[in-house]
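J.: Let me begin by handing over the structure; questions about it come next.
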Amino acid sequence: MRVLVLGGTSFIGRTVVDTAVRHGLDVTLFNRGFTGADLFPDLPRLTGDRDVDDYRSLATGHWDAVVDVSGYVPRHVTTTMAALGDRVDRYVFISTQAVYDHDGIGPGGNESTPLRAERRDTEELDNATYGPLKVACENDVRARFGDERTVILRPGRVAGPHDNQDAFTYWVRRAERGGRVALPAEPEQPVQVVDSRDLATLVIRLLVDRRSGVFDAVGPAEPTTLAGLIHTCAQIAGSRVEIVPVRAERAPFLFPLVRERSAWPGLQRDASKARAAGMPSTPLSVTAADVLTWDRDRGRPALSRGFSAAEEEQLLADYSG
């Protein structure tokens with residue numbers, strides 16, 4: 001099976017490509033060539049830039065499927081489909097849980113949950129526009145390929161080695177350090193994280209089985225909370241933690257895995273359809289252990305999210321009792 005991956009060198013795309021190669025698929029990469037130059041040296045690479053509509057390298061070639069891990073705004077999708085024409089048979093679009101309108105929807109929501117209204121009036125990505133722009137992307141793929149040739153995956157928070165978002169990694173690293181842990185949230189807040197390798201396996205399974213449809217790719221299989229996640233990370237690191245709920249000025253959406261209470265129903269979604277289609281259920285402890293090993297091996301670079309040690313120490317000083 002010939003597969004064109006749009007992206008393929010950063011986190012989710014990298015994991016999809018690695019999984020596809022291990023399953024014997026014939027993979028071609030299309031990306032800007034800015035990252036991962038040393039990755040997958042034996043795979044053909046086509047260079048282009050979706051941000052500036054540069055698809056000259058896609059002028060020839062035919063693929064059984066395209067896997068789109070780098071489409072964020074409708075223009076990315078429509079210009080890619082125009083460049084490929086009729087030379088691709090199926091389209092797999094990696095979307096997001098942010099497409100859902102969770103107002104009035106309780107825990108256990110699934111793929112039938114109403115979507116937010118699409119947006120086409122901006123290409124600025126933020127908490128308000130990200131989901132609606134992805135809705136528009138989904139609609140465009142369906143309009144071009146039809147439901148029978150379209151696969152849409154809606155992952156929640158993805159975690160695993162090579163994660164470039166730092167959210168899960170922050171808690172793995174912080175739990176390893178042990179001691180009093182400042183948590184600017186309610187400890188009982190539900191959390192859903194899916195292992196990147198489970199998501200990638202689902203992508204390949206759907207391709208090989210020639211399935212279509214929409215799938216909520218969320219995990220882990222066993223429900224957990226923020227407190228449970230932190231304790232799991234500490235356990236695999238061999239450390240002990242005391243969770244201290246604190247108040248912080250930062251908005252919850254800016255802090256790793258923290259969400260407002262109104263968003264909690266969206267963190268308790270049903271993954272049964274994806275599981276039935278072949279998505280594995282890697283235990284959270286395994287994901288945490290593998291991220292810990294990867295983070296150690298890369299030398300623990302500075303993270304872009306979470307408290308610095310000094311910030312946390314200052315916050316905890318106010319909760320010394």
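Labeling convention for the structure tokens: chains A, B, ... as they appear, residues from 1 per chain, ligands from 1 in order of appearance.
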Identify, on the basis of only C-alpha atoms, every residue whose closest approach to segment 117-124 of chain A does not exceed 9 Å; exclude the query and any residue fewer than 6 positions from it along the same chain; express the result as a count of residues only.
T.: 15
J.: Could you check how far atom CA of Thr80 of chain A sits from atom CA of Ala200 of chain A, in Å to one decimal?
T.: 21.7 Å
J.: Fewer than 3 positions away in the same chain doesn't count, so skip those; otherwise give me all residues within 12 Å of Leu39 of chain A, counting only C-alpha atoms, as a JSON list (two decimals) with C-alpha atoms, in the first residue's frame.
T.:
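Resulting contents of selection-v6.json:
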[["chain", "number", "residue", "atom", "x", "y", "z"],
["A", 8, "GLY", "CA", 5.89, 12.91, 9.16],
["A", 9, "THR", "CA", 8.88, 14.18, 11.13],
["A", 10, "SER", "CA", 7.36, 15.68, 14.30],
["A", 11, "PHE", "CA", 5.78, 13.64, 17.09],
["A", 13, "GLY", "CA", 3.54, 12.23, 12.15],
["A", 14, "ARG", "CA", 6.87, 10.67, 13.06],
["A", 15, "THR", "CA", 5.12, 7.93, 15.02],
["A", 17, "VAL", "CA", 5.52, 6.93, 9.69],
["A", 18, "ASP", "CA", 7.51, 4.65, 11.96],
["A", 29, "LEU", "CA", 6.91, 12.04, 3.04],
["A", 33, "GLY", "CA", 12.33, 19.68, 5.20],
["A", 34, "PHE", "CA", 13.03, 21.91, 8.21],
["A", 35, "THR", "CA", 12.96, 19.19, 10.86],
["A", 36, "GLY", "CA", 13.95, 15.55, 11.06],
["A", 42, "ASP", "CA", 15.45, 5.31, 3.12],
["A", 43, "LEU", "CA", 12.06, 6.91, 2.46],
["A", 44, "PRO", "CA", 11.32, 9.17, -0.51],
["A", 45, "ARG", "CA", 10.83, 12.81, 0.47]]
J.: Can you work out which one of A:Arg300, A:Arg2, A:Arg180, A:Arg275 has the shortest atom-to-atom distance to Thr201 of chain A, counting only C-alpha atoms?
T.: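 Counting only C-alpha atoms, the residue closest to Thr201 of chain A is A:Arg275.
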J.: A:Leu206, A:Ala317, A:Ala234, A:Leu153: which is nearest Ala271 of chain A, counting only C-alpha atoms?
T.: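 Of all the options, A:Leu153 lies closest to Ala271 of chain A.
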J.: Can you work out the spacing between atom CA of Ile94 of chain A and atom CA of Val5 of chain A in Å, to one decimal?
T.: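 Rounded to one decimal, the two atoms are 11.1 Å apart.
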J.: Name the residues in contact with Pro107 of chain A at a cut-off of 10 Å, using only C-alpha atoms, excluding same-chain residues fewer than 6 positions from it; report them as a PyMOL selection string.
T.: chain A and resi 264-270
J.: Looking only at the backbone, which of the residues in segment 82-290 of chain A does DSSP tag as alpha helix (DSSP H), as a ChimeraX atom specification?
T.: /A:82-84,130-145,167-177,196-208,226-237,272-276,284-290
J.: Write down as a list in words the residues belonging to segment 87-185 of chain A that are assigned strand (DSSP E or B) by DSSP computed on the backbone.
T.: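 Result set for segment 87-185 of chain A (strand (DSSP E or B)): Val88, Asp89, Arg90, Tyr91, Val92, Phe93, Ile94, Tyr100, Leu115, Thr150, Val151, Ile152, Leu153, Arg154, Pro155, Arg157, Val158, Ala159, Gly179, Arg180, Val181, Ala182 and Leu183 of chain A.
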J.: Could you save those same residues with C-alpha atoms as an mmCIF file, in the first residue's frame?
T.:
data_model
loop_
_atom_site.group_PDB
_atom_site.id
_atom_site.type_symbol
_atom_site.label_atom_id
_atom_site.label_comp_id
_atom_site.auth_asym_id
_atom_site.auth_seq_id
_atom_site.Cartn_x
_atom_site.Cartn_y
_atom_site.Cartn_z
ATOM 1 C CA VAL A 88 -5.041 9.598 -4.222
ATOM 2 C CA ASP A 89 -7.779 7.136 -3.325
ATOM 3 C CA ARG A 90 -8.463 7.846 0.360
ATOM 4 C CA TYR A 91 -7.894 10.706 2.795
ATOM 5 C CA VAL A 92 -7.073 10.256 6.489
ATOM 6 C CA PHE A 93 -7.379 13.529 8.376
ATOM 7 C CA ILE A 94 -6.024 13.935 11.899
ATOM 8 C CA TYR A 100 -16.920 19.195 19.648
ATOM 9 C CA LEU A 115 -19.714 19.906 16.397
ATOM 10 C CA THR A 150 -12.717 9.585 4.279
ATOM 11 C CA VAL A 151 -11.242 8.729 7.679
ATOM 12 C CA ILE A 152 -11.331 11.367 10.396
ATOM 13 C CA LEU A 153 -9.511 10.774 13.658
ATOM 14 C CA ARG A 154 -10.222 13.027 16.617
ATOM 15 C CA PRO A 155 -7.511 12.479 19.220
ATOM 16 C CA ARG A 157 -4.237 14.921 24.327
ATOM 17 C CA VAL A 158 -1.532 12.735 22.768
ATOM 18 C CA ALA A 159 1.434 11.576 24.850
ATOM 19 C CA GLY A 179 8.091 16.029 47.039
ATOM 20 C CA ARG A 180 5.312 18.594 47.260
ATOM 21 C CA VAL A 181 3.784 19.172 43.838
ATOM 22 C CA ALA A 182 1.893 22.391 43.111
ATOM 23 C CA LEU A 183 -1.265 21.646 41.148
#
J.: Using only C-alpha atoms, determine which residues lie at most 9 Å from segment 278-290 of chain A, disregarding the query and same-chain residues fewer than 3 positions distant; provide the list as a PyMOL selection string.
T.: chain A and resi 159-161+168-169+172+193-203+205-206+217+219-222+229+232-233+235-237+273-275+293-295
J.: Quick one: of A:Phe40, A:Tyr319, A:Phe215, A:Trp171, who's nearest to Pro245 of chain A, counting only C-alpha atoms?
T.: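 Of A:Phe40, A:Tyr319, A:Phe215, A:Trp171, the one nearest Pro245 of chain A, counting only C-alpha atoms, is A:Tyr319.
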J.: Tell me, as an MDAnalysis selection string, which residues lie within 12 Å of Gln314 of chain A, counting only C-alpha atoms; anything in the same chain fewer than 4 positions away does not count.
T.: chainID A and resid 181:182 246:248 307:310 318:320
J.: Print the selection's residues with C-alpha atoms to a file, as a compact mmCIF listing (two decimals), in the first residue's frame.
T.:
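result_23.txt, freshly written:
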# COMPACT_ATOMS: atom_id res chain seq x y z
CA VAL A 181 3.78 19.17 43.84
CA ALA A 182 1.89 22.39 43.11
CA VAL A 246 -2.79 25.96 44.62
CA ARG A 247 -4.21 29.06 43.05
CA ALA A 248 -2.22 30.51 40.18
CA PHE A 307 6.09 26.03 36.52
CA SER A 308 9.77 26.65 36.82
CA ALA A 309 11.29 25.33 40.05
CA ALA A 310 11.43 28.87 41.43
CA ASP A 318 2.08 30.07 50.64
CA TYR A 319 0.71 26.59 51.35
CA SER A 320 3.22 25.48 53.95
